[in-house]
Amino acid sequence: MTVPQTAAPRRFRAIAVQPKWSAEHFVSDDAFRGWLRGQLEAVRPHLSPDRPNLVVLTELNGLPLVLRGAGWALPLKTFERVALALFLARLPHALPVLLREKVSPIRALQLAGGADNTRLYLHTCRDLAREYGVYLCCGSAPTPRYRVVDGQPVRGAATLTNQTVLLAPDGTLIGVTDKVHLTPAEEAGGVDLSPGELNEMRVFPTPVGDLGVAISLDAFRADVIGRLEAGGCTVLLQPDANGAAWTSQEGLPPDPAHLRDQPVAWLESSWTATTTGKNIRYAVNPMVVGNLLDLSFDGQSAITGRVADAPELRSYVMTDPRPGFLALTPWVADGPHAELRMVGQQLAAHSGHPREDAYRTDVLYADLELPASTLDPPPHTPHEQALEIILKQVDQPRRIPSAGVWLLAGLGLIAAVSALRRRP
């Protein structure tokens with residue numbers, strides 16, 4: 001895809017979506033398509049009619065696609081239990097991957113369904129970019145590494161990265177970026193993803209900015225921001241999924257002896273990048289909210305800029321007001337810090353409180369302006385060339401599992417429940 005460039009200043013609208021998810025959104029193709037379409041429908045009233053629109057979705061919005069066809073497992077209530085049941089139910093597909101590629105059961109489970117899930121994810125995003133006519137940062141999803149063999153995409157062994165895909169309004173591929181710095185929940189012992197390579201990060205010039213992607217934790221890391229700065233990034237995209245109560249203390253502190261509230265720590269990502277950066281002028285940081293089985297996600301989505309561009313004083317909850325926020329989603333409550341910490345616990349999964357899962361959704365937007373780009377689009381990598389082929393494929397009806405598959409799923413569920421009952 002060659003994105004058209006002009007010598008005129010670039011005027012565009014950036015839009016961040018803060019959606020709420022649940023496990024039910026991922027148990028079928030139609031449920032997933034409906035959930036993503038609902039986000040673009042929420043965006044529709046805010047689309048600019050006279051300038052390009054950039055829509056940014058949230059991190060790991062493709063991860064729960066491992067639940068496709070597994071609504072029967074949701075009563076197990078926790079991600080760990082459901083993953084065990086799915087591995088047992090899908091043993092004929094996952095076990096060969098585990099043995100052949102020497103990966104963990106959770107990575108084998110994801111790789112075994114990777115082709116179908118990647119196709120569904122890409123095609124859904126492609127169709128939405130076309131229908132709504134937007135530049136789309138799809139969020140991110142666990143994605144295998146592909147290459148082209150005899151004109152067809154072929155999955156490479158073992159690799160599964162947290163990857164963002166950027167699409168043009170015609171649904172064609174602009175480029176992809178892998179997350180470099182993984183959280184403990186993404187590493188072995190969690191969903192077991194592969195870290196991306198810093199030297200593979202690139203900047204993509206478009207009519208909606210010179211786009212650089214720093215997925216969640218990457219936006220806090222100086223090596224990532226430094227590379228994007230050096231590459232000429234003017235608009236930083238930070239898709240996010242913060243798996244903790246927003247008013248709790250940070251999970252990955254730079255100094256374990258001095259823990260801070262999460263909103264205070266979050267100021268070191270997009271807000272710092274735009275208020276202190278050289279090239280990075282704007283940043284878009286959408287955050288997903290909601291309880292996914294026993295996991296809780298919360299935050300405040302934001303669009304940030306230079307102090308001169310955003311002089312109004314405001315900030316995340318539990319922090320002092322400051323300039324630099326062009327748009328900001330309020331949190332669900334305000335008040336003394338101790339009270340807000342309690343509210344965060346009430347919102348969490350399985351809290352049993354009337355406030356459980358009562359998170360705030362939102363759509364933020366800001367009209368932005370940049371000079372014409374001086375960058376050349378980077379050539380597509382072999383992996384991106386393979387994704388281009390997938391994007392061009394025609395959707396095929398999904399095969400309905402046979403009775404034998406459903407029987408195996410039931411046996412897997414029984415085995416999982418029996419194993420859990422034997423736990424001390």
# chains A, B, ... in the order shown; residues from 1 in each chain; ligands from 1
>>> residues_around(residues="His46 in chain A", least_positions_apart="2", cutoff="12 Å", atoms="only C-alpha atoms", output="list in words")
Arg13, Ala14, Ile15, Ala16, Val17, Gln39, Leu40, Glu41, Ala42, Val43, Arg44, Ser48, Pro49, Asp50, Arg51, Asn53, Leu54, Val55, Tyr132, Val134, Asp362, Val363, Leu364, Tyr365, Ala366 and Asp367 of chain A
>>> write_last_selection(atoms="N, CA, C and O atoms", output="short mmCIF file (atom, residue, chain, number, x, y, z; two decimals), in the first residue's frame")
data_model
loop_
_atom_site.label_atom_id
_atom_site.label_comp_id
_atom_site.auth_asym_id
_atom_site.auth_seq_id
_atom_site.Cartn_x
_atom_site.Cartn_y
_atom_site.Cartn_z
N ARG A 13 -8.68 14.13 12.01
CA ARG A 13 -9.30 13.92 13.31
C ARG A 13 -8.82 12.58 13.87
O ARG A 13 -8.88 11.55 13.19
N ALA A 14 -8.35 12.59 15.12
CA ALA A 14 -7.94 11.38 15.83
C ALA A 14 -9.04 11.00 16.81
O ALA A 14 -9.56 11.86 17.53
N ILE A 15 -9.37 9.72 16.83
CA ILE A 15 -10.47 9.23 17.65
C ILE A 15 -10.00 8.01 18.45
O ILE A 15 -9.41 7.08 17.90
N ALA A 16 -10.25 8.03 19.76
CA ALA A 16 -9.92 6.90 20.64
C ALA A 16 -11.22 6.31 21.17
O ALA A 16 -12.11 7.04 21.61
N VAL A 17 -11.32 4.99 21.14
CA VAL A 17 -12.52 4.30 21.62
C VAL A 17 -12.19 3.58 22.93
O VAL A 17 -11.21 2.84 23.00
N GLN A 39 -18.23 -0.62 18.25
CA GLN A 39 -17.28 0.46 18.54
C GLN A 39 -17.23 1.47 17.40
O GLN A 39 -17.17 2.69 17.63
N LEU A 40 -17.25 0.98 16.17
CA LEU A 40 -17.25 1.91 15.04
C LEU A 40 -18.59 2.65 14.92
O LEU A 40 -18.62 3.81 14.50
N GLU A 41 -19.67 2.01 15.32
CA GLU A 41 -20.96 2.70 15.33
C GLU A 41 -20.95 3.83 16.36
O GLU A 41 -21.51 4.91 16.14
N ALA A 42 -20.29 3.58 17.50
CA ALA A 42 -20.17 4.65 18.51
C ALA A 42 -19.33 5.79 17.99
O ALA A 42 -19.53 6.96 18.37
N VAL A 43 -18.39 5.48 17.11
CA VAL A 43 -17.52 6.50 16.52
C VAL A 43 -18.26 7.31 15.46
O VAL A 43 -17.99 8.51 15.27
N ARG A 44 -19.19 6.69 14.77
CA ARG A 44 -19.80 7.30 13.58
C ARG A 44 -20.24 8.77 13.79
O ARG A 44 -19.95 9.62 12.94
N SER A 48 -15.30 13.12 11.18
CA SER A 48 -15.27 14.39 10.46
C SER A 48 -15.68 14.17 9.01
O SER A 48 -15.17 13.26 8.34
N PRO A 49 -16.56 15.02 8.47
CA PRO A 49 -16.97 14.85 7.08
C PRO A 49 -15.99 15.48 6.09
O PRO A 49 -16.08 15.23 4.88
N ASP A 50 -15.05 16.30 6.58
CA ASP A 50 -14.23 17.07 5.64
C ASP A 50 -12.72 16.88 5.85
O ASP A 50 -11.92 17.65 5.32
N ARG A 51 -12.33 15.86 6.61
CA ARG A 51 -10.91 15.57 6.79
C ARG A 51 -10.76 14.08 7.09
O ARG A 51 -11.71 13.43 7.52
N ASN A 53 -10.04 10.61 8.96
CA ASN A 53 -10.26 10.20 10.34
C ASN A 53 -9.34 9.03 10.69
O ASN A 53 -9.21 8.06 9.92
N LEU A 54 -8.72 9.12 11.86
CA LEU A 54 -7.89 8.04 12.40
C LEU A 54 -8.60 7.49 13.64
O LEU A 54 -8.82 8.22 14.61
N VAL A 55 -8.96 6.20 13.60
CA VAL A 55 -9.63 5.56 14.73
C VAL A 55 -8.66 4.55 15.35
O VAL A 55 -8.09 3.71 14.65
N TYR A 132 -16.50 2.34 7.11
CA TYR A 132 -16.54 3.64 7.78
C TYR A 132 -15.56 4.63 7.18
O TYR A 132 -15.55 5.80 7.56
N VAL A 134 -12.17 4.93 7.32
CA VAL A 134 -11.24 5.48 8.30
C VAL A 134 -9.88 4.80 8.20
O VAL A 134 -9.77 3.66 7.76
N ASP A 362 -16.46 5.22 26.38
CA ASP A 362 -16.36 6.59 25.86
C ASP A 362 -15.81 6.57 24.44
O ASP A 362 -15.22 5.58 23.99
N VAL A 363 -16.01 7.68 23.77
CA VAL A 363 -15.35 7.97 22.49
C VAL A 363 -14.76 9.37 22.61
O VAL A 363 -15.48 10.33 22.92
N LEU A 364 -13.45 9.48 22.39
CA LEU A 364 -12.75 10.77 22.43
C LEU A 364 -12.31 11.16 21.04
O LEU A 364 -11.99 10.29 20.22
N TYR A 365 -12.27 12.46 20.76
CA TYR A 365 -11.70 12.88 19.48
C TYR A 365 -11.05 14.26 19.62
O TYR A 365 -11.35 15.03 20.53
N ALA A 366 -10.13 14.52 18.71
CA ALA A 366 -9.46 15.83 18.66
C ALA A 366 -9.07 16.09 17.22
O ALA A 366 -8.61 15.19 16.50
N ASP A 367 -9.27 17.32 16.76
CA ASP A 367 -8.84 17.74 15.43
C ASP A 367 -7.40 18.22 15.50
O ASP A 367 -7.08 19.13 16.28
#
>>> select_by_dssp(residues="range 72-296 of chain A", states="alpha helix (DSSP H)", output="ChimeraX atom specification")
/A:79-89,91-101,105-112,114-132,222-230,262-266,270-276
>>> closest_atom_pairs(of="range 149-223 of chain A", to="range 375-378 of chain A", cutoff="12 Å", atoms="only C-alpha atoms", output="CSV")
residue,atom,partner,partner_atom,distance
A:Leu173,CA,A:Pro377,CA,11.8
A:Ile174,CA,A:Pro377,CA,8.6
A:Gly175,CA,A:Pro378,CA,8.5
A:Val176,CA,A:Pro378,CA,11.0
A:Glu200,CA,A:Pro378,CA,10.9
A:Met201,CA,A:Pro378,CA,10.5
A:Arg202,CA,A:Pro378,CA,7.4
A:Val203,CA,A:Pro378,CA,7.6
A:Phe204,CA,A:Pro377,CA,5.7
A:Pro205,CA,A:Pro377,CA,5.9
A:Thr206,CA,A:Pro377,CA,8.3
A:Pro207,CA,A:Leu375,CA,11.6
A:Gly209,CA,A:Leu375,CA,10.5
A:Asp210,CA,A:Leu375,CA,7.9
A:Leu211,CA,A:Pro377,CA,10.5
>>> closest_residue(among="A:Val180, A:Val213, A:Leu111, A:Ala327", to="Leu368 in chain A", atoms="only C-alpha atoms")
A:Ala327
>>> residues_around(residues="Glu356 in chain A", least_positions_apart="6", cutoff="7 Å", atoms="only C-alpha atoms", output="list in words")
Gln346, Leu347, Ala348 and Ala349 of chain A
>>> closest_residue(among="A:Val103, A:Ala333, A:Ala168, A:Leu122", to="Val208 in chain A", atoms="only C-alpha atoms")
A:Ala168
>>> closest_residue(among="A:Gly38, A:Val56, A:Gly251, A:Ile390", to="Asp116 in chain A", atoms="only C-alpha atoms")
A:Ile390
>>> residues_around(residues="Lys102 in chain A", least_positions_apart="6", cutoff="12 Å", atoms="only C-alpha atoms", output="number ranges by chain")
A: 94-96, 108, 111, 157-159
>>> write_last_selection(atoms="C-alpha atoms", output="mmCIF file, in the first residue's frame")
data_model
loop_
_atom_site.group_PDB
_atom_site.id
_atom_site.type_symbol
_atom_site.label_atom_id
_atom_site.label_comp_id
_atom_site.auth_asym_id
_atom_site.auth_seq_id
_atom_site.Cartn_x
_atom_site.Cartn_y
_atom_site.Cartn_z
ATOM 1 C CA ALA A 94 -2.924 -28.312 20.080
ATOM 2 C CA LEU A 95 -0.838 -31.325 21.094
ATOM 3 C CA PRO A 96 0.977 -31.696 17.738
ATOM 4 C CA ALA A 108 0.132 -24.222 21.467
ATOM 5 C CA LEU A 111 -1.159 -21.235 17.580
ATOM 6 C CA ALA A 157 6.998 -22.073 13.969
ATOM 7 C CA ALA A 158 6.528 -21.097 17.622
ATOM 8 C CA THR A 159 6.325 -17.277 17.321
#
>>> select_by_dssp(residues="range 237-287 of chain A", states="strand (DSSP E or B)", output="ChimeraX atom specification")
/A:237,240,249,261,282-285,287
>>> closest_residue(among="A:Leu167, A:Leu236, A:Cys138, A:Leu228", to="Leu198 in chain A", atoms="only C-alpha atoms")
A:Leu228
>>> residues_around(residues="Phe87 in chain A", least_positions_apart="3", cutoff="8 Å", atoms="only C-alpha atoms", output="ChimeraX atom specification")
/A:83-84,90-91,94,105-106,109,412
>>> closest_residue(among="A:His181, A:Arg221, A:Arg130, A:Arg306", to="Pro254 in chain A", atoms="only C-alpha atoms")
A:Arg221
>>> residues_around(residues="Leu217 in chain A", least_positions_apart="3", cutoff="10 Å", atoms="only C-alpha atoms", output="list in words")
Lys179, Val180, His181, Leu182, Thr183, Ala214, Phe220, Arg221, Val224, Gln238, Pro239, Asp240, Ala241, Asn242, Leu252, Trp266 and Ser269 of chain A
>>> write_last_selection(atoms="N, CA and C atoms", output="short mmCIF file (atom, residue, chain, number, x, y, z; two decimals), in the first residue's frame")
data_model
loop_
_atom_site.label_atom_id
_atom_site.label_comp_id
_atom_site.auth_asym_id
_atom_site.auth_seq_id
_atom_site.Cartn_x
_atom_site.Cartn_y
_atom_site.Cartn_z
N LYS A 179 4.73 -5.67 19.97
CA LYS A 179 5.06 -5.18 21.30
C LYS A 179 6.41 -5.76 21.73
N VAL A 180 7.30 -4.90 22.18
CA VAL A 180 8.67 -5.31 22.55
C VAL A 180 8.75 -5.71 24.01
N HIS A 181 8.20 -4.88 24.89
CA HIS A 181 8.31 -5.11 26.33
C HIS A 181 7.01 -5.73 26.84
N LEU A 182 7.07 -6.99 27.22
CA LEU A 182 5.88 -7.71 27.67
C LEU A 182 5.72 -7.61 29.18
N THR A 183 4.48 -7.61 29.63
CA THR A 183 4.20 -7.67 31.06
C THR A 183 4.30 -9.12 31.52
N ALA A 214 3.36 2.22 20.01
CA ALA A 214 3.99 1.71 21.23
C ALA A 214 2.88 1.09 22.06
N PHE A 220 5.98 3.36 27.83
CA PHE A 220 6.67 3.78 29.05
C PHE A 220 8.19 3.63 28.93
N ARG A 221 8.66 2.98 27.87
CA ARG A 221 10.06 2.59 27.79
C ARG A 221 10.84 3.52 26.87
N VAL A 224 11.95 2.40 23.24
CA VAL A 224 10.91 2.41 22.21
C VAL A 224 10.60 3.84 21.77
N GLN A 238 -0.97 4.37 21.26
CA GLN A 238 -0.74 3.52 22.43
C GLN A 238 -2.00 2.72 22.75
N PRO A 239 -2.28 1.64 21.98
CA PRO A 239 -3.40 0.77 22.35
C PRO A 239 -3.12 0.14 23.71
N ASP A 240 -4.15 0.07 24.58
CA ASP A 240 -3.89 -0.36 25.95
C ASP A 240 -4.97 -1.28 26.49
N ALA A 241 -4.52 -2.21 27.36
CA ALA A 241 -5.41 -3.06 28.15
C ALA A 241 -4.74 -3.23 29.51
N ASN A 242 -5.14 -2.41 30.46
CA ASN A 242 -4.55 -2.41 31.79
C ASN A 242 -5.30 -3.39 32.68
N LEU A 252 4.21 -2.69 37.55
CA LEU A 252 5.59 -2.80 37.09
C LEU A 252 6.34 -1.52 37.44
N TRP A 266 0.95 6.36 34.88
CA TRP A 266 0.54 6.47 33.47
C TRP A 266 0.98 7.78 32.83
N SER A 269 3.76 7.74 30.14
CA SER A 269 3.61 7.17 28.79
C SER A 269 3.26 8.28 27.79
#
>>> residues_around(residues="Pro371 in chain A", least_positions_apart="4", cutoff="8 Å", atoms="only C-alpha atoms", output="ChimeraX atom specification")
/A:8-10
>>> atom_distance(atom1="CA of Ala372 in chain A", atom2="CA of Glu384 in chain A")
25.6 Å
>>> closest_residue(among="A:Pro142, A:Val191, A:Ala112, A:Leu57", to="Glu80 in chain A", atoms="only C-alpha atoms")
A:Val191
